[in-house]
Amino acid sequence: MIRGVSTANAPERLNPAQLRAARHGARDLDGSFRAGPLLIVAGAGTGKTNTLAHRVAHLLLEGVEPARILLLTFSRRAAAEMIRRAQRVAGAILAERSGGAPGAWEQVRLPWSGTFHSIANRLIRVYCRGAGLEPEFSVLDRGDAADLLDIVRHDLAFDRLDRRFPRKDTCLAIYSHKVNTQGALGDTLARHFPWCAQWEAELTRLFRAYVERKLSMQALDYDDLLLYLHAMLADAGLAREIGGRFDHVLVDEYQDTNALQAGILLRLRPDGSGVTAVGDDAQAIYSFRAATVENMLSFPARFSPPATVVALEENYRSTQCVLDAANAVIAGGARRYRKDLRATRGRGERPRYVTVADEQAQAEYVLACVLEALERGLALRRQAVLFRSAHHADLLELELVRRNVPYVKYGGLKFLEAAHVRDLLAVLRWADNPRNRLAAFRALKLLPAMGPARADRAWTRFEASGWEWGALPGAAPRSEDWIAFAQLMVSLAAHEEPWQGQVAQVREWYEPYLEERYEAAQVRAADLVQLERVAEQFATRERFLTELALDPPQASGDLAGTPRLDEDWLVLSTVHSAKGQEWGAVYVLNVADGSFPSEFAGGRAEAIEEERRLLYVAMTRAKTDLHLVAPLRYYVTQQRAGGERHVYGARSRFVTPAVLKCMEEIAWPGAGGAVDARGAGPRVDVAGALREMWR
């Protein structure tokens, strides 16, 4: 590692605030590079990723060993992109300083980079025996965790009560929220699941039994990874040992961390040495996932002396007129870091605040603007329609189909929720952890005539053998199907190399059963072939299974690559899914009270503030063209088709006079529209006709 090279010669790459953040720290008397806690408040479009990549590159060039840098991001893809950028930056700076070739840095790797959950999984596996776990413990994905909760729910007879008990997915959501907020179950129920508050005692019993069942299976669910690491770090000696692995800890998207994640960071680095947190409190919009903006707002005061705060305010994405409106929206917020985004792209045109008659007119307006922009040369893929809830785009989707405009809407069935994929993974998961009763039951029940009772007897015999794979063939009556299955499991458990061939082995065994169990077997078989290709990217079976559980693809298309729906397509997305994206033109639907803020915000001040941030995020996705569309009428859904009952929408409380001053207010259709033809046509003496009636 080359020492003494810094980013001081790179002002053309970074503005002064970015450079100050990237170079934070100094050499100690012993020559080591040290840095106190740093918070980078990175406004929307201000080059946050570039700044963090330069920060990593600066550490590398100052002689910090890559293995002693812990980089925590919110997706595996984000970590990979950060490493690529840091390699490129470090290589370019080194080449510039020394006259050498930048390629020397292409092989630099940050072995401790990834999501909170993936890093937690790796650390737990290193120190698992001290936490009462075996190294081969399983990680349950969301689907398996919900299924296990359902089994426990059934065992406790909660599915046979005289009143409807919450279903498994709701129970898992409650459990997850309570664990990640580290609050009381009663608070979680009162704030987020009030319809379940009557079941607090029963849910406590359910979750206690669920934890015991997981412990007996040597299985951790998604939330347990953080919970275990947080609990392990409560031991001062172990915290020093784990924290001593790293000199610098960098956390991206800090505004989206929950109480457990913030607690892990503070236990790793109680004094804040070497900690860099990056985020934007104005984009904290994930409280429904137990994230809390308080982690970021209170970050500087957590340390003594307080953390250094660097605000990034130069925006490289949007025009100043777009930023003026967004700044005015967020300025109405209560507690926040003060920053004023400044554009580097010029003023541009003022955003539009558009009032339309109803949601049908809203769809027609958006489509007219989209097609007009397309004719001006702005591709459909560079335009996006954003909305608070997925159903807000229903009428627009119908209009797009009618007009033959291709589009993609983000959402849909997750790949790992497909039954045939879960079947194959269950076989591999049981082979990886013989105590995984949940995977065992799913795998056993793939066999003909193997119902729940026979599967339970086979499992009981296998358990009595001490989970010895050699005893499995005798755990059920001999039959051709059972012998083939038992031989498969014994072979998989032997850890034969290369492991990737095991996916093909299971797929070939499973294909005859696939045809018997499901329709469209050929399509489903293609999914399994694709899964086999994905497995080739992982060095071990444990890594493959764990990564799929921790960072699952959203749809089969995420594995197969971006589908070519057409030569071009319009983007429809919820605001939550749009975070981190940008488009030339953005159309925000239903900008009225009830949507922004949502009617479910419940009047709580913190919920209203998050709704304000949600609108801010939507607005700051736009580069040049921004349209906030506000229907005046909303038709009541519970009425006959074509019914006229409706309510009037109130202007969003976030669209204040200060915001409107930054926007162009228009009504659509205008004077030239088909609906608004005031003053047109011949004059009719209606008044005279009315008088004539009473003569």
# chains A, B, ... in the order shown; residues from 1 in each chain; ligands from 1
$ residues_around --residues "A:Thr115" --least-positions-apart "6" --cutoff "7 Å" --atoms "only C-alpha atoms" --output "PyMOL selection string"
chain A and resi 72-76
$ write_last_selection --atoms "all heavy atoms" --output "PDB file, in the first residue's frame"
ATOM      1  N   LEU A  72     -20.728  -0.100   4.862  1.00  0.00           N
ATOM      2  CA  LEU A  72     -22.100  -0.580   5.025  1.00  0.00           C
ATOM      3  C   LEU A  72     -23.027   0.196   4.097  1.00  0.00           C
ATOM      4  O   LEU A  72     -23.134   1.429   4.198  1.00  0.00           O
ATOM      5  CB  LEU A  72     -22.546  -0.410   6.478  1.00  0.00           C
ATOM      6  CG  LEU A  72     -21.774  -1.255   7.496  1.00  0.00           C
ATOM      7  CD1 LEU A  72     -22.022  -0.762   8.914  1.00  0.00           C
ATOM      8  CD2 LEU A  72     -22.150  -2.728   7.368  1.00  0.00           C
ATOM      9  N   THR A  73     -23.683  -0.516   3.196  1.00  0.00           N
ATOM     10  CA  THR A  73     -24.618   0.095   2.257  1.00  0.00           C
ATOM     11  C   THR A  73     -25.969  -0.602   2.400  1.00  0.00           C
ATOM     12  O   THR A  73     -26.111  -1.553   3.170  1.00  0.00           O
ATOM     13  CB  THR A  73     -24.110  -0.024   0.812  1.00  0.00           C
ATOM     14  OG1 THR A  73     -24.022  -1.411   0.472  1.00  0.00           O
ATOM     15  CG2 THR A  73     -22.743   0.628   0.656  1.00  0.00           C
ATOM     16  N   PHE A  74     -26.945  -0.147   1.596  1.00  0.00           N
ATOM     17  CA  PHE A  74     -28.281  -0.726   1.734  1.00  0.00           C
ATOM     18  C   PHE A  74     -28.629  -1.716   0.632  1.00  0.00           C
ATOM     19  O   PHE A  74     -29.755  -2.173   0.538  1.00  0.00           O
ATOM     20  CB  PHE A  74     -29.334   0.379   1.852  1.00  0.00           C
ATOM     21  CG  PHE A  74     -29.539   0.793   3.280  1.00  0.00           C
ATOM     22  CD1 PHE A  74     -28.614   1.595   3.922  1.00  0.00           C
ATOM     23  CD2 PHE A  74     -30.613   0.319   4.008  1.00  0.00           C
ATOM     24  CE1 PHE A  74     -28.771   1.953   5.251  1.00  0.00           C
ATOM     25  CE2 PHE A  74     -30.783   0.671   5.339  1.00  0.00           C
ATOM     26  CZ  PHE A  74     -29.858   1.487   5.963  1.00  0.00           C
ATOM     27  N   SER A  75     -27.664  -2.043  -0.211  1.00  0.00           N
ATOM     28  CA  SER A  75     -27.854  -3.119  -1.179  1.00  0.00           C
ATOM     29  C   SER A  75     -26.491  -3.607  -1.617  1.00  0.00           C
ATOM     30  O   SER A  75     -25.495  -2.877  -1.557  1.00  0.00           O
ATOM     31  CB  SER A  75     -28.665  -2.652  -2.394  1.00  0.00           C
ATOM     32  OG  SER A  75     -27.881  -1.809  -3.221  1.00  0.00           O
ATOM     33  N   ARG A  76     -26.441  -4.862  -2.019  1.00  0.00           N
ATOM     34  CA  ARG A  76     -25.186  -5.432  -2.510  1.00  0.00           C
ATOM     35  C   ARG A  76     -24.724  -4.684  -3.757  1.00  0.00           C
ATOM     36  O   ARG A  76     -23.531  -4.455  -3.963  1.00  0.00           O
ATOM     37  CB  ARG A  76     -25.412  -6.911  -2.833  1.00  0.00           C
ATOM     38  CG  ARG A  76     -24.165  -7.678  -3.220  1.00  0.00           C
ATOM     39  CD  ARG A  76     -24.476  -9.149  -3.322  1.00  0.00           C
ATOM     40  NE  ARG A  76     -25.606  -9.400  -4.195  1.00  0.00           N
ATOM     41  CZ  ARG A  76     -26.270 -10.551  -4.228  1.00  0.00           C
ATOM     42  NH1 ARG A  76     -25.936 -11.518  -3.406  1.00  0.00           N
ATOM     43  NH2 ARG A  76     -27.278 -10.722  -5.062  1.00  0.00           N
TER      44      ARG A  76
END
$ residues_around --residues "stretch 605-620 of chain A" --least-positions-apart "2" --cutoff "6 Å" --atoms "only C-alpha atoms" --output "ChimeraX atom specification"
/A:282-283,285,326,575,597,601,622
$ write_last_selection --atoms "N, CA, C and O atoms" --output "PDB file, in the first residue's frame"
ATOM      1  N   ALA A 282     -33.719  14.919   4.815  1.00  0.00           N
ATOM      2  CA  ALA A 282     -34.887  15.325   4.028  1.00  0.00           C
ATOM      3  C   ALA A 282     -35.411  14.197   3.150  1.00  0.00           C
ATOM      4  O   ALA A 282     -36.463  14.339   2.535  1.00  0.00           O
ATOM      5  N   GLN A 283     -34.689  13.080   3.089  1.00  0.00           N
ATOM      6  CA  GLN A 283     -35.140  11.942   2.284  1.00  0.00           C
ATOM      7  C   GLN A 283     -35.401  10.707   3.156  1.00  0.00           C
ATOM      8  O   GLN A 283     -35.360   9.576   2.672  1.00  0.00           O
ATOM      9  N   ILE A 285     -37.783   8.395   4.444  1.00  0.00           N
ATOM     10  CA  ILE A 285     -39.180   8.087   4.096  1.00  0.00           C
ATOM     11  C   ILE A 285     -39.551   6.625   4.364  1.00  0.00           C
ATOM     12  O   ILE A 285     -40.532   6.126   3.818  1.00  0.00           O
ATOM     13  N   ALA A 326     -38.701  22.739  -4.475  1.00  0.00           N
ATOM     14  CA  ALA A 326     -38.416  21.680  -3.507  1.00  0.00           C
ATOM     15  C   ALA A 326     -37.891  22.265  -2.200  1.00  0.00           C
ATOM     16  O   ALA A 326     -38.279  21.823  -1.109  1.00  0.00           O
ATOM     17  N   VAL A 575     -43.373   6.642  -5.126  1.00  0.00           N
ATOM     18  CA  VAL A 575     -42.276   7.524  -4.728  1.00  0.00           C
ATOM     19  C   VAL A 575     -41.229   6.737  -3.948  1.00  0.00           C
ATOM     20  O   VAL A 575     -40.019   6.942  -4.113  1.00  0.00           O
ATOM     21  N   PRO A 597     -50.329  14.951   2.466  1.00  0.00           N
ATOM     22  CA  PRO A 597     -50.002  13.712   3.169  1.00  0.00           C
ATOM     23  C   PRO A 597     -51.094  12.650   2.998  1.00  0.00           C
ATOM     24  O   PRO A 597     -52.246  12.970   2.704  1.00  0.00           O
ATOM     25  N   ALA A 601     -51.776   9.059   7.604  1.00  0.00           N
ATOM     26  CA  ALA A 601     -50.744   9.654   8.449  1.00  0.00           C
ATOM     27  C   ALA A 601     -51.252   9.851   9.870  1.00  0.00           C
ATOM     28  O   ALA A 601     -50.476   9.976  10.809  1.00  0.00           O
ATOM     29  N   ALA A 622     -36.766  15.152 -10.512  1.00  0.00           N
ATOM     30  CA  ALA A 622     -36.878  15.808 -11.823  1.00  0.00           C
ATOM     31  C   ALA A 622     -35.623  16.608 -12.136  1.00  0.00           C
ATOM     32  O   ALA A 622     -35.112  17.340 -11.285  1.00  0.00           O
TER      33      ALA A 622
END
$ closest_residue --among "A:Ala361, A:Leu140, A:Ala455, A:Leu424" --to "A:Arg633" --atoms "only C-alpha atoms"
A:Ala361
$ closest_atom_pairs --of "stretch 21-110 of chain A" --to "stretch 292-298 of chain A" --cutoff "12 Å" --atoms "only C-alpha atoms" --output "tab-separated table"
residue	atom	partner	partner_atom	distance
A:Leu38	CA	A:Met296	CA	11.5
A:Leu39	CA	A:Met296	CA	8.4
A:Ile40	CA	A:Met296	CA	10.0
A:Val41	CA	A:Met296	CA	9.0
A:Ala42	CA	A:Met296	CA	11.7
$ write_last_selection --atoms "all heavy atoms" --output "compact mmCIF listing (two decimals), in the first residue's frame"
# COMPACT_ATOMS: atom_id res chain seq x y z
N LEU A 38 -17.66 11.73 11.49
CA LEU A 38 -18.02 12.67 10.42
C LEU A 38 -19.42 12.36 9.94
O LEU A 38 -19.75 11.20 9.68
CB LEU A 38 -17.03 12.54 9.26
CG LEU A 38 -17.39 13.27 7.95
CD1 LEU A 38 -17.34 14.79 8.16
CD2 LEU A 38 -16.45 12.84 6.83
N LEU A 39 -20.25 13.38 9.83
CA LEU A 39 -21.59 13.25 9.23
C LEU A 39 -21.63 14.09 7.96
O LEU A 39 -21.40 15.31 8.00
CB LEU A 39 -22.67 13.72 10.19
CG LEU A 39 -24.11 13.70 9.64
CD1 LEU A 39 -24.54 12.27 9.34
CD2 LEU A 39 -25.08 14.35 10.62
N ILE A 40 -21.89 13.45 6.83
CA ILE A 40 -22.03 14.14 5.56
C ILE A 40 -23.52 14.25 5.25
O ILE A 40 -24.19 13.24 5.00
CB ILE A 40 -21.31 13.40 4.42
CG1 ILE A 40 -19.83 13.19 4.77
CG2 ILE A 40 -21.44 14.16 3.11
CD1 ILE A 40 -19.08 12.33 3.75
N VAL A 41 -24.07 15.48 5.32
CA VAL A 41 -25.48 15.72 5.03
C VAL A 41 -25.56 16.03 3.53
O VAL A 41 -25.27 17.14 3.10
CB VAL A 41 -26.04 16.88 5.86
CG1 VAL A 41 -27.52 17.07 5.57
CG2 VAL A 41 -25.82 16.61 7.35
N ALA A 42 -25.92 15.02 2.77
CA ALA A 42 -25.85 15.11 1.31
C ALA A 42 -27.24 15.34 0.74
O ALA A 42 -28.06 14.42 0.69
CB ALA A 42 -25.25 13.83 0.73
$ residues_around --residues "A:Gln362" --least-positions-apart "2" --cutoff "9 Å" --atoms "only C-alpha atoms" --output "list in words"
Val354, Thr355, Val356, Ala357, Asp358, Glu359, Gln360, Glu364, Tyr365, Val366, Leu367, Leu395, Leu396, Leu589, Asn590, Val629, Ala630, Pro631 and Trp668 of chain A
$ residues_around --residues "stretch 468-475 of chain A" --least-positions-apart "4" --cutoff "6 Å" --atoms "only C-alpha atoms" --output "ChimeraX atom specification"
/A:458,461-462,486,490
$ closest_residue --among "A:Ala201, A:Leu250, A:Ala549, A:Ala494" --to "A:Asn121" --atoms "only C-alpha atoms"
A:Ala549
$ residues_around --residues "A:Arg517" --least-positions-apart "6" --cutoff "12 Å" --atoms "only C-alpha atoms" --output "JSON, numbers by chain"
{"A": [419, 420, 423, 445, 446, 447, 448, 510, 511, 524]}
$ write_last_selection --atoms "N, CA, C and O atoms" --output "short mmCIF file (atom, residue, chain, number, x, y, z; two decimals), in the first residue's frame"
data_model
loop_
_atom_site.label_atom_id
_atom_site.label_comp_id
_atom_site.auth_asym_id
_atom_site.auth_seq_id
_atom_site.Cartn_x
_atom_site.Cartn_y
_atom_site.Cartn_z
N ALA A 419 -43.60 -20.62 -5.92
CA ALA A 419 -43.59 -21.89 -5.18
C ALA A 419 -42.51 -22.84 -5.67
O ALA A 419 -41.84 -23.51 -4.88
N HIS A 420 -42.31 -22.92 -7.00
CA HIS A 420 -41.33 -23.87 -7.52
C HIS A 420 -39.91 -23.49 -7.14
O HIS A 420 -39.07 -24.37 -6.92
N ASP A 423 -39.48 -24.53 -3.55
CA ASP A 423 -39.32 -25.98 -3.45
C ASP A 423 -37.86 -26.38 -3.61
O ASP A 423 -37.29 -27.13 -2.80
N LYS A 445 -42.46 -33.11 1.60
CA LYS A 445 -43.81 -33.13 1.04
C LYS A 445 -43.82 -32.98 -0.48
O LYS A 445 -44.89 -33.00 -1.09
N LEU A 446 -42.65 -32.85 -1.10
CA LEU A 446 -42.59 -32.89 -2.57
C LEU A 446 -42.81 -34.30 -3.09
O LEU A 446 -43.19 -34.49 -4.25
N LEU A 447 -42.57 -35.30 -2.23
CA LEU A 447 -42.68 -36.69 -2.66
C LEU A 447 -44.13 -37.13 -2.72
O LEU A 447 -44.96 -36.70 -1.91
N PRO A 448 -44.48 -38.01 -3.67
CA PRO A 448 -45.86 -38.52 -3.76
C PRO A 448 -46.23 -39.26 -2.47
O PRO A 448 -45.41 -39.95 -1.87
N TYR A 510 -36.02 -32.81 -9.46
CA TYR A 510 -37.31 -32.17 -9.18
C TYR A 510 -38.20 -32.03 -10.42
O TYR A 510 -39.42 -31.95 -10.28
N GLU A 511 -37.65 -32.01 -11.61
CA GLU A 511 -38.43 -31.69 -12.81
C GLU A 511 -39.65 -32.61 -13.02
O GLU A 511 -40.72 -32.12 -13.37
N ARG A 524 -41.73 -22.51 -15.64
CA ARG A 524 -41.15 -22.64 -14.30
C ARG A 524 -39.78 -23.32 -14.35
O ARG A 524 -38.86 -22.95 -13.61
#
$ select_by_dssp --residues "stretch 370-493 of chain A" --states "helix (DSSP H, G or I)" --output "ChimeraX atom specification"
/A:370-375,380-382,390-402,415-417,419-432,437-444,452-464,469-475,480-493
$ atom_distance --atom1 "atom CA of A:Ala418" --atom2 "atom CA of A:Tyr228"
29.0 Å
$ atom_distance --atom1 "atom CA of A:Leu189" --atom2 "atom CA of A:Arg164"
16.3 Å
$ decode --residues "stretch 25-59 of chain A" --atoms "N, CA and C atoms" --output "PDB file, in the first residue's frame"
ATOM      1  N   GLY A  25      -9.822  14.088   8.430  1.00  0.00           N
ATOM      2  CA  GLY A  25      -8.869  13.283   9.194  1.00  0.00           C
ATOM      3  C   GLY A  25      -7.445  13.737   8.963  1.00  0.00           C
ATOM      4  N   ALA A  26      -6.513  13.143   9.702  1.00  0.00           N
ATOM      5  CA  ALA A  26      -5.103  13.516   9.579  1.00  0.00           C
ATOM      6  C   ALA A  26      -4.242  12.385  10.119  1.00  0.00           C
ATOM      7  N   ARG A  27      -2.957  12.476   9.855  1.00  0.00           N
ATOM      8  CA  ARG A  27      -2.014  11.475  10.343  1.00  0.00           C
ATOM      9  C   ARG A  27      -1.709  11.707  11.825  1.00  0.00           C
ATOM     10  N   ASP A  28      -1.600  10.609  12.543  1.00  0.00           N
ATOM     11  CA  ASP A  28      -1.257  10.654  13.960  1.00  0.00           C
ATOM     12  C   ASP A  28       0.265  10.719  14.101  1.00  0.00           C
ATOM     13  N   LEU A  29       0.733  10.836  15.348  1.00  0.00           N
ATOM     14  CA  LEU A  29       2.170  10.899  15.579  1.00  0.00           C
ATOM     15  C   LEU A  29       2.882   9.629  15.121  1.00  0.00           C
ATOM     16  N   ASP A  30       2.184   8.497  15.170  1.00  0.00           N
ATOM     17  CA  ASP A  30       2.807   7.244  14.731  1.00  0.00           C
ATOM     18  C   ASP A  30       2.687   7.024  13.227  1.00  0.00           C
ATOM     19  N   GLY A  31       2.153   8.012  12.517  1.00  0.00           N
ATOM     20  CA  GLY A  31       2.043   7.912  11.060  1.00  0.00           C
ATOM     21  C   GLY A  31       0.756   7.291  10.576  1.00  0.00           C
ATOM     22  N   SER A  32      -0.100   6.820  11.485  1.00  0.00           N
ATOM     23  CA  SER A  32      -1.369   6.217  11.076  1.00  0.00           C
ATOM     24  C   SER A  32      -2.394   7.308  10.777  1.00  0.00           C
ATOM     25  N   PHE A  33      -3.282   7.032   9.836  1.00  0.00           N
ATOM     26  CA  PHE A  33      -4.317   8.000   9.482  1.00  0.00           C
ATOM     27  C   PHE A  33      -5.497   7.838  10.424  1.00  0.00           C
ATOM     28  N   ARG A  34      -5.871   8.909  11.113  1.00  0.00           N
ATOM     29  CA  ARG A  34      -6.970   8.886  12.079  1.00  0.00           C
ATOM     30  C   ARG A  34      -8.021   9.909  11.674  1.00  0.00           C
ATOM     31  N   ALA A  35      -9.261   9.643  12.066  1.00  0.00           N
ATOM     32  CA  ALA A  35     -10.345  10.591  11.780  1.00  0.00           C
ATOM     33  C   ALA A  35     -11.399  10.476  12.866  1.00  0.00           C
ATOM     34  N   GLY A  36     -11.899  11.611  13.319  1.00  0.00           N
ATOM     35  CA  GLY A  36     -13.011  11.624  14.253  1.00  0.00           C
ATOM     36  C   GLY A  36     -14.315  11.374  13.521  1.00  0.00           C
ATOM     37  N   PRO A  37     -15.427  11.289  14.242  1.00  0.00           N
ATOM     38  CA  PRO A  37     -16.722  11.021  13.599  1.00  0.00           C
ATOM     39  C   PRO A  37     -17.092  12.135  12.630  1.00  0.00           C
ATOM     40  N   LEU A  38     -17.659  11.733  11.493  1.00  0.00           N
ATOM     41  CA  LEU A  38     -18.022  12.674  10.424  1.00  0.00           C
ATOM     42  C   LEU A  38     -19.423  12.359   9.940  1.00  0.00           C
ATOM     43  N   LEU A  39     -20.253  13.384   9.828  1.00  0.00           N
ATOM     44  CA  LEU A  39     -21.585  13.253   9.229  1.00  0.00           C
ATOM     45  C   LEU A  39     -21.625  14.091   7.955  1.00  0.00           C
ATOM     46  N   ILE A  40     -21.895  13.446   6.830  1.00  0.00           N
ATOM     47  CA  ILE A  40     -22.034  14.144   5.557  1.00  0.00           C
ATOM     48  C   ILE A  40     -23.524  14.252   5.251  1.00  0.00           C
ATOM     49  N   VAL A  41     -24.068  15.477   5.325  1.00  0.00           N
ATOM     50  CA  VAL A  41     -25.477  15.715   5.025  1.00  0.00           C
ATOM     51  C   VAL A  41     -25.557  16.026   3.533  1.00  0.00           C
ATOM     52  N   ALA A  42     -25.922  15.022   2.772  1.00  0.00           N
ATOM     53  CA  ALA A  42     -25.851  15.106   1.308  1.00  0.00           C
ATOM     54  C   ALA A  42     -27.241  15.339   0.739  1.00  0.00           C
ATOM     55  N   GLY A  43     -27.524  16.566   0.318  1.00  0.00           N
ATOM     56  CA  GLY A  43     -28.809  16.878  -0.291  1.00  0.00           C
ATOM     57  C   GLY A  43     -29.029  16.103  -1.575  1.00  0.00           C
ATOM     58  N   ALA A  44     -30.259  16.075  -2.042  1.00  0.00           N
ATOM     59  CA  ALA A  44     -30.603  15.332  -3.253  1.00  0.00           C
ATOM     60  C   ALA A  44     -29.777  15.824  -4.436  1.00  0.00           C
ATOM     61  N   GLY A  45     -29.179  14.889  -5.162  1.00  0.00           N
ATOM     62  CA  GLY A  45     -28.441  15.231  -6.374  1.00  0.00           C
ATOM     63  C   GLY A  45     -27.129  15.944  -6.156  1.00  0.00           C
ATOM     64  N   THR A  46     -26.562  15.867  -4.942  1.00  0.00           N
ATOM     65  CA  THR A  46     -25.340  16.618  -4.640  1.00  0.00           C
ATOM     66  C   THR A  46     -24.075  15.780  -4.756  1.00  0.00           C
ATOM     67  N   GLY A  47     -24.161  14.615  -5.373  1.00  0.00           N
ATOM     68  CA  GLY A  47     -22.960  13.808  -5.572  1.00  0.00           C
ATOM     69  C   GLY A  47     -22.539  13.019  -4.356  1.00  0.00           C
ATOM     70  N   LYS A  48     -23.517  12.486  -3.624  1.00  0.00           N
ATOM     71  CA  LYS A  48     -23.224  11.732  -2.405  1.00  0.00           C
ATOM     72  C   LYS A  48     -22.363  10.506  -2.692  1.00  0.00           C
ATOM     73  N   THR A  49     -22.745   9.729  -3.692  1.00  0.00           N
ATOM     74  CA  THR A  49     -22.001   8.501  -4.000  1.00  0.00           C
ATOM     75  C   THR A  49     -20.575   8.820  -4.418  1.00  0.00           C
ATOM     76  N   ASN A  50     -20.412   9.860  -5.221  1.00  0.00           N
ATOM     77  CA  ASN A  50     -19.079  10.259  -5.658  1.00  0.00           C
ATOM     78  C   ASN A  50     -18.224  10.694  -4.472  1.00  0.00           C
ATOM     79  N   THR A  51     -18.835  11.429  -3.544  1.00  0.00           N
ATOM     80  CA  THR A  51     -18.100  11.893  -2.370  1.00  0.00           C
ATOM     81  C   THR A  51     -17.670  10.722  -1.502  1.00  0.00           C
ATOM     82  N   LEU A  52     -18.575   9.774  -1.273  1.00  0.00           N
ATOM     83  CA  LEU A  52     -18.233   8.625  -0.442  1.00  0.00           C
ATOM     84  C   LEU A  52     -17.165   7.770  -1.114  1.00  0.00           C
ATOM     85  N   ALA A  53     -17.239   7.632  -2.437  1.00  0.00           N
ATOM     86  CA  ALA A  53     -16.212   6.879  -3.161  1.00  0.00           C
ATOM     87  C   ALA A  53     -14.850   7.557  -3.028  1.00  0.00           C
ATOM     88  N   HIS A  54     -14.816   8.888  -3.105  1.00  0.00           N
ATOM     89  CA  HIS A  54     -13.561   9.612  -2.902  1.00  0.00           C
ATOM     90  C   HIS A  54     -13.066   9.448  -1.462  1.00  0.00           C
ATOM     91  N   ARG A  55     -14.000   9.381  -0.524  1.00  0.00           N
ATOM     92  CA  ARG A  55     -13.613   9.159   0.874  1.00  0.00           C
ATOM     93  C   ARG A  55     -12.916   7.809   1.012  1.00  0.00           C
ATOM     94  N   VAL A  56     -13.483   6.779   0.421  1.00  0.00           N
ATOM     95  CA  VAL A  56     -12.869   5.451   0.462  1.00  0.00           C
ATOM     96  C   VAL A  56     -11.508   5.482  -0.222  1.00  0.00           C
ATOM     97  N   ALA A  57     -11.445   6.113  -1.398  1.00  0.00           N
ATOM     98  CA  ALA A  57     -10.178   6.197  -2.127  1.00  0.00           C
ATOM     99  C   ALA A  57      -9.125   6.927  -1.299  1.00  0.00           C
ATOM    100  N   HIS A  58      -9.524   7.984  -0.619  1.00  0.00           N
ATOM    101  CA  HIS A  58      -8.584   8.746   0.209  1.00  0.00           C
ATOM    102  C   HIS A  58      -8.025   7.867   1.325  1.00  0.00           C
ATOM    103  N   LEU A  59      -8.877   7.071   1.960  1.00  0.00           N
ATOM    104  CA  LEU A  59      -8.406   6.172   3.013  1.00  0.00           C
ATOM    105  C   LEU A  59      -7.393   5.176   2.458  1.00  0.00           C
TER     106      LEU A  59
END
